[in-house]
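S.K.: Sharing a structure, written as structure tokens. Questions coming.
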Protein chains: 4
Amino acid sequence: MEFPKRRRARELGLNIGFHTPGANNSITDVRGVRVGHATINFGEGALVPGQGPARTGVTVILPHDGDLWNERLSAASFVLNGNGTATGLDWMAESGLLEGPVFLTNTLSVGAVYDAAITWMLHSIPEIGVTADTYLPVIAECDDSALNDSRGGHVKAEHVFAAISSARSGPIEEGAVGAGTGMTSYNYKGGIGTSSRIVMSEAGDFTVGVLVNCNHGKRNQLLIDGVPVGRSLMEDMSTLHREGSICIVVATDAPLSPLGLNRLAKRAALGLARTGALANNGSGDFIIAFSTTRKVDRRDSSAILVLPELSPTFINPLFEACAESVEEAVINTLFMAQTTIGRDGNVSYELPIDKTLALLKQYGR
Amino acid sequence: MEFPKRRRARELGLNIGFHTPGANNSITDVRGVRVGHATINFGEGALVPGQGPARTGVTVILPHDGDLWNERLSAASFVLNGNGTATGLDWMAESGLLEGPVFLTNTLSVGAVYDAAITWMLHSIPEIGVTADTYLPVIAECDDSALNDSRGGHVKAEHVFAAISSARSGPIEEGAVGAGTGMTSYNYKGGIGTSSRIVMSEAGDFTVGVLVNCNHGKRNQLLIDGVPVGRSLMEDMSTLHREGSICIVVATDAPLSPLGLNRLAKRAALGLARTGALANNGSGDFIIAFSTTRKVDRRDSSAILVLPELSPTFINPLFEACAESVEEAVINTLFMAQTTIGRDGNVSYELPIDKTLALLKQYGR
Amino acid sequence: MEFPKRRRARELGLNIGFHTPGANNSITDVRGVRVGHATINFGEGALVPGQGPARTGVTVILPHDGDLWNERLSAASFVLNGNGTATGLDWMAESGLLEGPVFLTNTLSVGAVYDAAITWMLHSIPEIGVTADTYLPVIAECDDSALNDSRGGHVKAEHVFAAISSARSGPIEEGAVGAGTGMTSYNYKGGIGTSSRIVMSEAGDFTVGVLVNCNHGKRNQLLIDGVPVGRSLMEDMSTLHREGSICIVVATDAPLSPLGLNRLAKRAALGLARTGALANNGSGDFIIAFSTTRKVDRRDSSAILVLPELSPTFINPLFEACAESVEEAVINTLFMAQTTIGRDGNVSYELPIDKTLALLKQYGR
Amino acid sequence: MEFPKRRRARELGLNIGFHTPGANNSITDVRGVRVGHATINFGEGALVPGQGPARTGVTVILPHDGDLWNERLSAASFVLNGNGTATGLDWMAESGLLEGPVFLTNTLSVGAVYDAAITWMLHSIPEIGVTADTYLPVIAECDDSALNDSRGGHVKAEHVFAAISSARSGPIEEGAVGAGTGMTSYNYKGGIGTSSRIVMSEAGDFTVGVLVNCNHGKRNQLLIDGVPVGRSLMEDMSTLHREGSICIVVATDAPLSPLGLNRLAKRAALGLARTGALANNGSGDFIIAFSTTRKVDRRDSSAILVLPELSPTFINPLFEACAESVEEAVINTLFMAQTTIGRDGNVSYELPIDKTLALLKQYGR
């Protein structure tokens with residue numbers, strides 16, 4: 001796996017927030033969480049729907065390394081702005097559970113990914129549709145049609161399977177990869193970013209990890225560690241602007257109930273705000289949060305479940321950790337994504353690192 | 001089109017509620033609303049996933065007969081119990097708009113219908129994915145796997161297109177048809193039902209029409225016009241019980257805002273309750289409501305829209321009309337649906353009309 | 001304590017639903033729950049604001065017989081129609097907790113009750129406002145101004161204290177008493193009603209108890225056990241109609257989480273619907289539910305709480321029990337409340353029992 | 001009226017955001033909006049509940065200068081964290097309307113203010129409680145008990161009336177005044193702040209104005225214009241920390257529907273986040289937004305209302321304006337509030353301006 005040449009914000013000296021990142025500063029620092037990408041990137045020049053150019057893909061988050069169907073995790077979501085879709089959230093709200101992967105892809109490929117997710121789960125669990133409960137996949141999307149032949153439907157079941165197969169813990173590829181291949185954020189090249197924080201408390205040490213797929217924001221709104229970088233760097237604007245979205249996935253090993261996870265998801269929105277995001281009218285800002293240590297096993301036939309739950313008295317550091325992780329994950333996206341030329345020669349330029357660092361220095365960072 | 005031999009509740013003398021039905025006692029009494037079914041019904045005997053037997057389909061509601069993409073309608077939803085999915089509702093909540101058909105199908109075919117809906121809309125609107133906004137289909141599901149080879153994925157794009165092509169106003173086929181082909185309700189054969197009411201007020205005459213896909217309820221819960229029919233008729237239980245769902249679509253020509261439509265959708269739940277439904281734990285009870293006379297045209301570039309809105313002072317009769325229509329639509333489903341033998345010889349028996357009428361008579365109806 | 005002469009529905013042979021009531025068919029069948037009333041009833045004739053006639057009061061539900069402030073219960077609410085107010089619900093939603101009594105009173109006395117509730121709690125807990133958390137009372141209201149001099153502000157702190165002092169388990173006074181003194185429901189005399197159910201399951205035996213304050217509904221909407229009684233009994237209409245509200249309090253000893261209690265509260269709305277209620281435009285329909293066996297002690301400084309939670313697989317009987325209890329509690333209100341003449345000679349007539357029973361008989365009950 | 005000696009952020013050279021403030025950089029820049037304070041400030045030394053010291057008050061926002069009861073405004077709210085209360089929000093959500101003032105006060109005085117608000121409204125509208133609809137006041141609170149004898153109940157009806165009488169347009173007193181007298185924010189003296197923005201668009205020029213009552217945040221979280229000021233200034237911490245709340249009132253003359261105002265209220269949360277706020281566990285973060293130009297007159301008996309509504313296409317600048325205004329209003333609070341010594345000698349220190357400006361300069365501001 002060859003990672004892009006660019007470097008992450010923290011490697012370049014930017015320390016966002018005041019909590020400590022995990023070992024890989026990644027959502028995979030939450031034990032058991034794995035991430036996989038399938039990147040679809042071919043063709044150049046004029047758009048010929050169905051033929052390309054394709055700049056798209058699939059990213060999958062496997063929330064733990066056990067039996068996803070049976071070992072269900074507490075989960076919740078928060079929709080900051082609903083100009084988009086994330087399937088499966090009503091069931092998540094009613095049950096408080098996540099019982100499969102979280103998939104990210106482009107807007108017009110949600111159906112394809114949905115179908116592939118079902119194929120994959122049916123293959124794993126032969127009882128579904130016969131004697132068992134049915135499966136409702138969780139899929140969130142952003143619109144990459146400024147760069148991608150999104151009408152062409154280039155995401156196929158094979159890409160979904162490939163993303164799942166490639167999922168692993170450890171460092172994650174960021175930027176123009178997987179579902180982020182064709183995304184644009186703050187009129188810069190966007191896509192996938194990640195970050196994490198470890199909070200130490202009387203309640204124990206907990207990890208909060210975040211993965212984002214950034215397709216949101218307007219250039220002049222961009223703040224990096226509080227510095228209005230966007231307003232100072234108004235050149236190299238994308239030739240085609242589309243008001244995009246952001247998908248945020250938050251993982252934690254703190255035993256949060258669905259109510260606690262909904263609260264955590266709201267703090268992801270607050271961290272997002274620190275990058276200047278305002279959940280623009282055309283943006284679909286969906287946040288999904290889950291806890292890897294609060295499990296409800298489908299095979300447990302007990303009438304009375306006994307579940308752990310972090311006392312709210314101890315939740316503030318997790319709120320801070322979540323907000324900081326989201327802020328840094330968004331910035332990591334911009335630092336890592338490379339200039340991408342898409343359909344019809346549309347260009348999404350990468351954040352100019354040297355100018356950015358100069359600005360940050362000028363602002364005392 | 002050959003309709004089933006059974007007769008609707010009102011034809012058999014049952015008058016639910018006190019408002020007057022529209023001409024066809026159907027959702028299509030709301031001018032412009034059209035309904036189409038594609039029924040998939042083949043094979044017998046043991047389940048062989050992929051080969052059948054298939055007892056499933058697609059039902060589509062076209063909310064008006066104009067340009068669905070551009071002439072967007074005010075819309076809202078209410079989720080009574082979220083053990084299921086309906087795609088596109090977050091965008092509906094954020095925008096207050098419906099900008100395409102409402103599709104009904106089985107749980108495992110949501111992806112296939114999603115993909116087909118996009119194919120269909122992309123074909124109609126070449127700008128989507130290039131210069132225009134993107135499309136988020138509205139699809140609600142119930143699980144028909146007690147009768148249907150739902151693992152087999154028998155719903156194909158062609159069925160979605162066929163359902164759309166067949167959509168028409170006037171009388172609607174009810175019972176085991178379209179998305180209702182394999183559904184079971186109160187342990188009787190369920191499926192599609194419809195009803196409508198006309199309310200006359202100082203504000204004008206308004207129509208409320210409802211279409212349901214019934215897959216919900218346990219036998220002993222069933223009330224027909226307030227009579228506990230279910231508890232008296234406990235024979236002929238389905239050989240395989242699955243706790244199902246109900247999708248409810250409410251149309252009106254009253255100019256209701258999204259807030260007003262959300263309120264109307266809640267009253268659909270109250271009408272449903274009168275049939276004994278309790279939104280059982282495993283049920284996905286999704287309600288979608290739209291107004292055909294409160295349109296927001298995508299091509300209207302005005303900064304200040306001027307929209308009509310029924311004064312809440314006049315809304316009570318619509319609440320009554322909606323609840324009555326839902327109650328009668330559910331009962332119509334049971335009256336119209338015919339015994340269906342599905343996969344593995346599973347039988348979903350039809351409501352025994354003679355016994356039911358005798359019971360109703362005994363209870364003074 | 002002298003109870004009204006009228007008899008409850010079940011004593012007169014009406015058996016609503018199919019689950020078994022508790023010993024007193026009352027919310028107090030849930031162990032530890034106590035109810036107290038303070039009734040304010042003086043004056044006759046023309047309204048002289050400030051002087052009367054007064055037909056109002058306070059009803060209080062003490063959710064358990066321990067330390068309410070420290071032994072907090074899981075709780076949740078559902079607002080079916082928000083034309084009214086219930087204080088403290090946002091905090092209940094955020095914390096999932098109830099940490100004091102639930103008060104019911106008239107609309108314009110919410111401030112007085114709020115103040116008195118604080119006075120009472122501050123007296124009990126000297127640390128509040130100094131070193132401890134602060135207190136947010138839960139108070140729900142209905143508007144009794146058709147009978148009561150509600151402008152007069154006749155509810156004083158002493159009535160709140162008296163209601164608390166009088167709270168007890170066992171049988172509850174129903175009808176025109178406490179907060180129900182001046183209420184009107186379905187254009188009949190309304191007020192307080194209660195009912196309960198016991199459900200036996202593999203998970204154990206659980207009790208669900210309900211208390212309602214009925215001020216809602218129009219005569220022609222009224223259903224009693226599914227029979228359209230209201231439409232047959234259109235005489236003796238209140239001389240002054242006001243579209244009222246209903247407050248519903250649901251107690252259970254099943255260990256439900258806040259999410260489970262929110263689901264239960266929604267089923268209270270479904271039970272209400274079976275009495276013909278449609279949550280009319282002008283109605284404030286507030287439902288509050290709590291579990292007496294899922295406690296979170298304020299003094300527990302554990303970082304990780306370990307809380308019991310009924311598996312959703314076992315929740316359906318509770319849903320049924322809740323809906324049946326609400327239905328019967330509303331009917332009990334009408335059966336028990338006696339004709340009341342209020343301000344300006346406004347009369348709220350009691351449900352005519354003989355005619356009602358005759359109608360029910362005619363309809364096979 | 002003698003205003004504090006301190007100066008607002010913008011006067012000291014801090015320009016937050018990129019939109020232009022209104023004439024007074026105040027919520028009163030929205031035509032018709034008036035603000036009044038009643039400040040209660042007496043006593044020193046040890047807390048003697050009932051005797052003081054008192055550091056509290058009432059602030060009232062009159063949303064327009066017409067007939068508040070009859071000329072109702074479109075309104076909506078958003079609760080970021082519900083550890084607090086704001087009365088009347090359920091009715092606001094159901095009706096989409098604000099029909100009276102917005103009151104701010106301390107937590108334990110909500111009952112007193114509620115009662116006084118009713119007294120005041122009943123005096124203005126003799127029909128309430130007789131022939132007219134009833135009144136549900138909107139009151140939001142923060143807990144000032146770290147400085148104030150909040151048990152003492154020092155807020156009386158007279159203070160509510162005084163606040164209303166003193167309401168005016170033009171410049172607003174900020175800091176330790178009115179409801180803000182005893183508040184603490186980021187462990188600095190908090191209280192009242194305001195700011196506004198004017199956005200010019202094809203849709204016309206619109207004003208967004210904000211008023212906050214700040215009692216939230218921990219010192220180390222504080223960001224001023226993106227600079228982590230709090231972490232650099234950790235001396236002079238309040239001797240008593242209490243995790244507080246924030247009330248945010250947003251006014252605009254853009255004709256936003258309730259749905260649009262709910263969206264705007266969410267952006268207030270995003271602006272708040274830029275000051276470092278994370279809606280800590282113990283914080284009640286309530287946001288109320290209204291439009292002065294979308295009125296629904298109670299006396300209008302039309303069946304079909306025709307209401308203006310800003311097209312969502314034009315809403316982004318309002319989102320930006322709202323977020324910037326909230327950010328600046330919070331910072332104005334800190335810049336304007338003066339050191340306050342409260343009960344038991346508890347001190348809430350003011351933000352040290354010189355050090356802050358030095359830090360900001362160091363960070364390139």
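Each chain in the structure tokens gets a letter, A, B, ..., in the order shown, and its residues are numbered from 1; ligands are numbered from 1 in order too.
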Would you pick out the contacts of A:Val160 at 7 Å or less, using only C-alpha atoms, so that residues sharing its chain but fewer than 4 positions from it are not included, and give the list as a PyMOL selection string?
M.R.: chain A and resi 58+113+116+156+164
S.K.: Taking only C-alpha atoms into account, report as a list in words which residues of chain C lie within 8 Å of chain A.
M.R.: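 Those within range of chain A come out as Glu94, Glu202, Ala203, Pro255, Leu259, Ser302, Ala303, Ile304, Leu305, Val306, Leu307, Pro308, Glu309, Leu310, Ser311, Thr313 and Phe314 of chain C.
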S.K.: Can you work out which one of B:Ile172, B:Ala75, B:Ala38, B:Val30 has the shortest atom-to-atom distance to B:Thr59, counting only C-alpha atoms?
M.R.: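 When distances to B:Thr59 are compared using only C-alpha atoms, the smallest one comes from B:Ala38.
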S.K.: With a distance cut-off of 9 Å and only C-alpha atoms, select the neighbouring residues of A:Thr20, excluding the residue or stretch itself and same-chain residues fewer than 4 positions from it, and output the selection as a ChimeraX atom specification.
M.R.: /A:25,196-199,321
S.K.: Would you output that residue set with all heavy atoms, as a tab-separated table (two decimals), in the first residue's frame?
M.R.:
chain	number	residue	atom	x	y	z
A	25	ASN	N	-3.11	8.16	15.56
A	25	ASN	CA	-3.93	9.36	15.38
A	25	ASN	C	-5.03	9.07	14.36
A	25	ASN	O	-5.24	9.77	13.38
A	25	ASN	CB	-3.05	10.53	14.91
A	25	ASN	CG	-3.78	11.87	15.01
A	25	ASN	OD1	-4.84	11.96	15.63
A	25	ASN	ND2	-3.22	12.89	14.37
A	196	SER	N	-7.54	10.88	16.28
A	196	SER	CA	-8.03	10.27	17.52
A	196	SER	C	-7.48	11.01	18.73
A	196	SER	O	-6.55	11.81	18.61
A	196	SER	CB	-7.64	8.80	17.59
A	196	SER	OG	-6.26	8.67	17.82
A	197	ARG	N	-8.08	10.74	19.86
A	197	ARG	CA	-7.61	11.28	21.13
A	197	ARG	C	-7.76	10.21	22.20
A	197	ARG	O	-8.68	9.40	22.17
A	197	ARG	CB	-8.46	12.50	21.55
A	197	ARG	CG	-8.31	13.73	20.69
A	197	ARG	CD	-6.91	14.34	20.80
A	197	ARG	NE	-6.81	15.57	20.01
A	197	ARG	CZ	-6.52	15.62	18.70
A	197	ARG	NH1	-6.35	14.49	18.02
A	197	ARG	NH2	-6.41	16.78	18.09
A	198	ILE	N	-6.83	10.28	23.14
A	198	ILE	CA	-6.92	9.42	24.32
A	198	ILE	C	-7.21	10.31	25.51
A	198	ILE	O	-6.53	11.33	25.71
A	198	ILE	CB	-5.60	8.67	24.53
A	198	ILE	CG1	-5.30	7.87	23.25
A	198	ILE	CG2	-5.69	7.78	25.77
A	198	ILE	CD1	-4.40	6.71	23.43
A	199	VAL	N	-8.24	9.97	26.26
A	199	VAL	CA	-8.51	10.77	27.46
A	199	VAL	C	-8.30	9.88	28.67
A	199	VAL	O	-8.75	8.74	28.72
A	199	VAL	CB	-9.95	11.36	27.45
A	199	VAL	CG1	-10.10	12.37	26.34
A	199	VAL	CG2	-11.01	10.29	27.33
A	321	ALA	N	-12.52	15.42	23.34
A	321	ALA	CA	-11.75	14.53	22.47
A	321	ALA	C	-12.43	14.37	21.12
A	321	ALA	O	-11.78	14.36	20.07
A	321	ALA	CB	-11.58	13.17	23.15
S.K.: What parts of stretch 135-340 of chain B does DSSP call strand (DSSP E or B)? I'd like the answer as a ChimeraX atom specification.
M.R.: /B:138-142,168,175,184-185,188-189,191-201,204-214,224,227,246-252,284-297,304-310,340
S.K.: Which neighbours of stretch 277-282 of chain D fall inside 7 Å, counting only C-alpha atoms, when residues of the same chain fewer than 6 positions from it are skipped, and could you give them as a list in words?
M.R.: Arg267, Leu270, Pro312, Ile315, Asn316, Phe319 and Glu320 of chain A; Leu80, Asn81, Asn83, Gly217, Gln221, Glu243 and Gly244 of chain D
S.K.: In Å, rounded to a single decimal, give me how far atom CA of A:Val330 is from atom CA of A:Ile40.
M.R.: 21.9 Å
S.K.: Looking at D:Thr85, D:Ser150, D:Ser26, D:Ser124, which one is nearest to C:Val138, with distances taken over only C-alpha atoms?
M.R.: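 That would be D:Thr85, the residue with the smallest distance to C:Val138.
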S.K.: Using only C-alpha atoms, what table do you get, as CSV, when you list each residue of stretch 104-195 of chain C with an atom no more than 12 Å from stretch 332-354 of chain C, its nearest pair of atoms, and their distance in Å rounded to one decimal, rows by chain then rising number?
M.R.:
residue,atom,partner,partner_atom,distance
C:Asp144,CA,C:Gly342,CA,9.8
C:Ser145,CA,C:Arg343,CA,8.6
C:Ala146,CA,C:Asn346,CA,7.0
C:Leu147,CA,C:Gly342,CA,4.1
C:Asn148,CA,C:Arg343,CA,5.8
C:Asp149,CA,C:Arg343,CA,6.6
C:Ser150,CA,C:Arg343,CA,9.8
C:Arg151,CA,C:Arg343,CA,11.6
C:Gly152,CA,C:Arg343,CA,11.5
C:Ile172,CA,C:Met336,CA,11.3
C:Glu173,CA,C:Met336,CA,8.9
C:Glu174,CA,C:Met336,CA,6.1
C:Gly175,CA,C:Ala337,CA,3.7
C:Ala176,CA,C:Ala337,CA,5.2
C:Val177,CA,C:Ala337,CA,8.4
C:Gly178,CA,C:Ala337,CA,11.8
C:Gly180,CA,C:Ala337,CA,9.0
C:Thr181,CA,C:Thr340,CA,8.5
C:Gly182,CA,C:Gly342,CA,7.6
C:Met183,CA,C:Ser348,CA,8.4
C:Thr184,CA,C:Ser348,CA,6.4
C:Ser185,CA,C:Leu334,CA,7.7
C:Tyr186,CA,C:Leu334,CA,8.9
C:Asn187,CA,C:Ser348,CA,7.0
C:Tyr188,CA,C:Tyr349,CA,5.2
C:Lys189,CA,C:Glu350,CA,4.9
C:Gly190,CA,C:Leu334,CA,5.7
C:Gly191,CA,C:Thr333,CA,6.0
C:Ile192,CA,C:Thr333,CA,5.5
C:Gly193,CA,C:Thr333,CA,4.2
C:Thr194,CA,C:Asn332,CA,6.8
C:Ser195,CA,C:Asn332,CA,7.8
S.K.: Write out as an MDAnalysis selection string each polymer residue whose atoms come within 10 Å of A:Leu108, counting only C-alpha atoms; drop sequence neighbours fewer than 2 positions from it.
M.R.: (chainID A and resid 105:106 110:113 141:145 150:155) or (chainID B and resid 114:115 118:119 122 128:129 134:137)
S.K.: Go ahead and save the picked residues with N, CA and C atoms, as a PDB file, in the first residue's frame.
M.R.:
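selection23.pdb, written as the output of this step:
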ATOM      1  N   THR A 105     -19.909   6.335   0.391  1.00  0.00           N
ATOM      2  CA  THR A 105     -19.752   6.298  -1.070  1.00  0.00           C
ATOM      3  C   THR A 105     -20.318   7.579  -1.663  1.00  0.00           C
ATOM      4  N   ASN A 106     -20.488   7.601  -2.993  1.00  0.00           N
ATOM      5  CA  ASN A 106     -21.064   8.796  -3.622  1.00  0.00           C
ATOM      6  C   ASN A 106     -22.590   8.683  -3.677  1.00  0.00           C
ATOM      7  N   VAL A 110     -25.545   4.952  -3.759  1.00  0.00           N
ATOM      8  CA  VAL A 110     -26.072   4.391  -2.514  1.00  0.00           C
ATOM      9  C   VAL A 110     -26.833   3.087  -2.790  1.00  0.00           C
ATOM     10  N   GLY A 111     -27.596   3.073  -3.877  1.00  0.00           N
ATOM     11  CA  GLY A 111     -28.347   1.860  -4.208  1.00  0.00           C
ATOM     12  C   GLY A 111     -27.431   0.680  -4.478  1.00  0.00           C
ATOM     13  N   ALA A 112     -26.391   0.928  -5.244  1.00  0.00           N
ATOM     14  CA  ALA A 112     -25.446  -0.147  -5.569  1.00  0.00           C
ATOM     15  C   ALA A 112     -24.771  -0.671  -4.311  1.00  0.00           C
ATOM     16  N   VAL A 113     -24.370   0.230  -3.449  1.00  0.00           N
ATOM     17  CA  VAL A 113     -23.697  -0.197  -2.225  1.00  0.00           C
ATOM     18  C   VAL A 113     -24.681  -0.916  -1.311  1.00  0.00           C
ATOM     19  N   GLU A 141     -23.493   9.180   2.249  1.00  0.00           N
ATOM     20  CA  GLU A 141     -22.963   9.580   0.934  1.00  0.00           C
ATOM     21  C   GLU A 141     -22.573  11.052   0.892  1.00  0.00           C
ATOM     22  N   CYS A 142     -21.659  11.356  -0.028  1.00  0.00           N
ATOM     23  CA  CYS A 142     -21.402  12.731  -0.457  1.00  0.00           C
ATOM     24  C   CYS A 142     -21.406  12.719  -1.988  1.00  0.00           C
ATOM     25  N   ASP A 143     -21.644  13.880  -2.547  1.00  0.00           N
ATOM     26  CA  ASP A 143     -21.789  13.991  -4.006  1.00  0.00           C
ATOM     27  C   ASP A 143     -20.459  14.381  -4.639  1.00  0.00           C
ATOM     28  N   ASP A 144     -19.873  13.471  -5.414  1.00  0.00           N
ATOM     29  CA  ASP A 144     -18.574  13.764  -6.039  1.00  0.00           C
ATOM     30  C   ASP A 144     -18.693  14.120  -7.511  1.00  0.00           C
ATOM     31  N   SER A 145     -19.868  14.548  -7.932  1.00  0.00           N
ATOM     32  CA  SER A 145     -20.096  14.688  -9.370  1.00  0.00           C
ATOM     33  C   SER A 145     -19.352  15.861 -10.005  1.00  0.00           C
ATOM     34  N   SER A 150     -20.554  10.621 -12.004  1.00  0.00           N
ATOM     35  CA  SER A 150     -21.393   9.945 -11.010  1.00  0.00           C
ATOM     36  C   SER A 150     -22.620   9.317 -11.660  1.00  0.00           C
ATOM     37  N   ARG A 151     -23.033   9.855 -12.799  1.00  0.00           N
ATOM     38  CA  ARG A 151     -24.135   9.218 -13.534  1.00  0.00           C
ATOM     39  C   ARG A 151     -23.751   7.821 -14.014  1.00  0.00           C
ATOM     40  N   GLY A 152     -22.467   7.609 -14.154  1.00  0.00           N
ATOM     41  CA  GLY A 152     -22.012   6.356 -14.762  1.00  0.00           C
ATOM     42  C   GLY A 152     -22.154   5.130 -13.862  1.00  0.00           C
ATOM     43  N   GLY A 153     -22.375   5.374 -12.576  1.00  0.00           N
ATOM     44  CA  GLY A 153     -22.582   4.231 -11.677  1.00  0.00           C
ATOM     45  C   GLY A 153     -21.384   3.304 -11.624  1.00  0.00           C
ATOM     46  N   HIS A 154     -20.221   3.875 -11.406  1.00  0.00           N
ATOM     47  CA  HIS A 154     -19.009   3.052 -11.477  1.00  0.00           C
ATOM     48  C   HIS A 154     -18.756   2.219 -10.228  1.00  0.00           C
ATOM     49  N   VAL A 155     -19.485   2.518  -9.165  1.00  0.00           N
ATOM     50  CA  VAL A 155     -19.313   1.698  -7.957  1.00  0.00           C
ATOM     51  C   VAL A 155     -20.120   0.413  -8.118  1.00  0.00           C
TER      52      VAL A 155
ATOM     53  N   TYR B 114     -33.614   1.427  -5.160  1.00  0.00           N
ATOM     54  CA  TYR B 114     -32.865   2.686  -5.091  1.00  0.00           C
ATOM     55  C   TYR B 114     -32.112   2.906  -6.404  1.00  0.00           C
ATOM     56  N   ASP B 115     -31.425   1.878  -6.820  1.00  0.00           N
ATOM     57  CA  ASP B 115     -30.629   1.973  -8.026  1.00  0.00           C
ATOM     58  C   ASP B 115     -31.516   2.215  -9.249  1.00  0.00           C
ATOM     59  N   ILE B 118     -32.862   5.745  -9.346  1.00  0.00           N
ATOM     60  CA  ILE B 118     -31.855   6.687  -9.836  1.00  0.00           C
ATOM     61  C   ILE B 118     -31.720   6.568 -11.350  1.00  0.00           C
ATOM     62  N   THR B 119     -31.673   5.368 -11.842  1.00  0.00           N
ATOM     63  CA  THR B 119     -31.593   5.172 -13.298  1.00  0.00           C
ATOM     64  C   THR B 119     -32.742   5.886 -14.002  1.00  0.00           C
ATOM     65  N   LEU B 122     -32.342   9.751 -13.603  1.00  0.00           N
ATOM     66  CA  LEU B 122     -31.234  10.245 -14.425  1.00  0.00           C
ATOM     67  C   LEU B 122     -31.646  10.285 -15.893  1.00  0.00           C
ATOM     68  N   ILE B 128     -28.833  15.940 -13.792  1.00  0.00           N
ATOM     69  CA  ILE B 128     -28.444  15.410 -12.482  1.00  0.00           C
ATOM     70  C   ILE B 128     -27.066  14.761 -12.578  1.00  0.00           C
ATOM     71  N   GLY B 129     -26.218  15.086 -11.638  1.00  0.00           N
ATOM     72  CA  GLY B 129     -24.860  14.540 -11.630  1.00  0.00           C
ATOM     73  C   GLY B 129     -23.921  15.289 -12.540  1.00  0.00           C
ATOM     74  N   THR B 134     -28.537  16.718  -6.856  1.00  0.00           N
ATOM     75  CA  THR B 134     -28.583  15.270  -6.955  1.00  0.00           C
ATOM     76  C   THR B 134     -29.928  14.747  -6.453  1.00  0.00           C
ATOM     77  N   TYR B 135     -30.154  13.480  -6.652  1.00  0.00           N
ATOM     78  CA  TYR B 135     -31.475  12.906  -6.373  1.00  0.00           C
ATOM     79  C   TYR B 135     -31.384  11.881  -5.245  1.00  0.00           C
ATOM     80  N   LEU B 136     -32.303  11.998  -4.296  1.00  0.00           N
ATOM     81  CA  LEU B 136     -32.349  11.096  -3.142  1.00  0.00           C
ATOM     82  C   LEU B 136     -33.707  10.415  -3.101  1.00  0.00           C
ATOM     83  N   PRO B 137     -33.819   9.200  -3.611  1.00  0.00           N
ATOM     84  CA  PRO B 137     -35.125   8.540  -3.715  1.00  0.00           C
ATOM     85  C   PRO B 137     -35.755   8.269  -2.352  1.00  0.00           C
TER      86      PRO B 137
END
S.K.: Let me make sure I understand: among C:Gly209, C:Trp69, C:Arg365, C:Ala358, which one has the smallest atom-to-atom distance to C:Ala23 if we use only C-alpha atoms?
M.R.: C:Gly209
S.K.: Residues at most 7 Å from A:Ser77, counting only C-alpha atoms, excluding those fewer than 2 positions away in the same chain, as a PyMOL selection string?
M.R.: chain A and resi 79+89+262+265+287-289
S.K.: Keeping C-alpha atoms for every residue in the selection just given, could you write it to a file as a PDB file, in the first residue's frame?
M.R.:
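Result written to part.pdb:
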ATOM      1  CA  VAL A  79     -27.985  14.994  11.484  1.00  0.00           C
ATOM      2  CA  LEU A  89     -30.469   5.637  10.887  1.00  0.00           C
ATOM      3  CA  ASN A 262     -26.089  10.985  20.391  1.00  0.00           C
ATOM      4  CA  ALA A 265     -22.272  12.997  17.856  1.00  0.00           C
ATOM      5  CA  ILE A 287     -22.650  11.975  12.098  1.00  0.00           C
ATOM      6  CA  ILE A 288     -22.689   8.370  13.292  1.00  0.00           C
ATOM      7  CA  ALA A 289     -21.205   7.309  16.634  1.00  0.00           C
TER       8      ALA A 289
END
S.K.: Write out as a list in words the residues lying within 10 Å of B:Thr275, counting only C-alpha atoms and excluding same-chain residues fewer than 2 positions away.
M.R.: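 Within the cut-off, the hits are Tyr186, Gly217, Gln221, Leu222, Leu223, Ile224, Asp225, Gly226, Val227, Pro228, Val229, Leu270, Gly271, Leu272, Ala273, Ala277, Leu278, Val326, Glu327, Glu328, Val330 and Ile331 of chain B; Gly226 and Arg274 of chain C.
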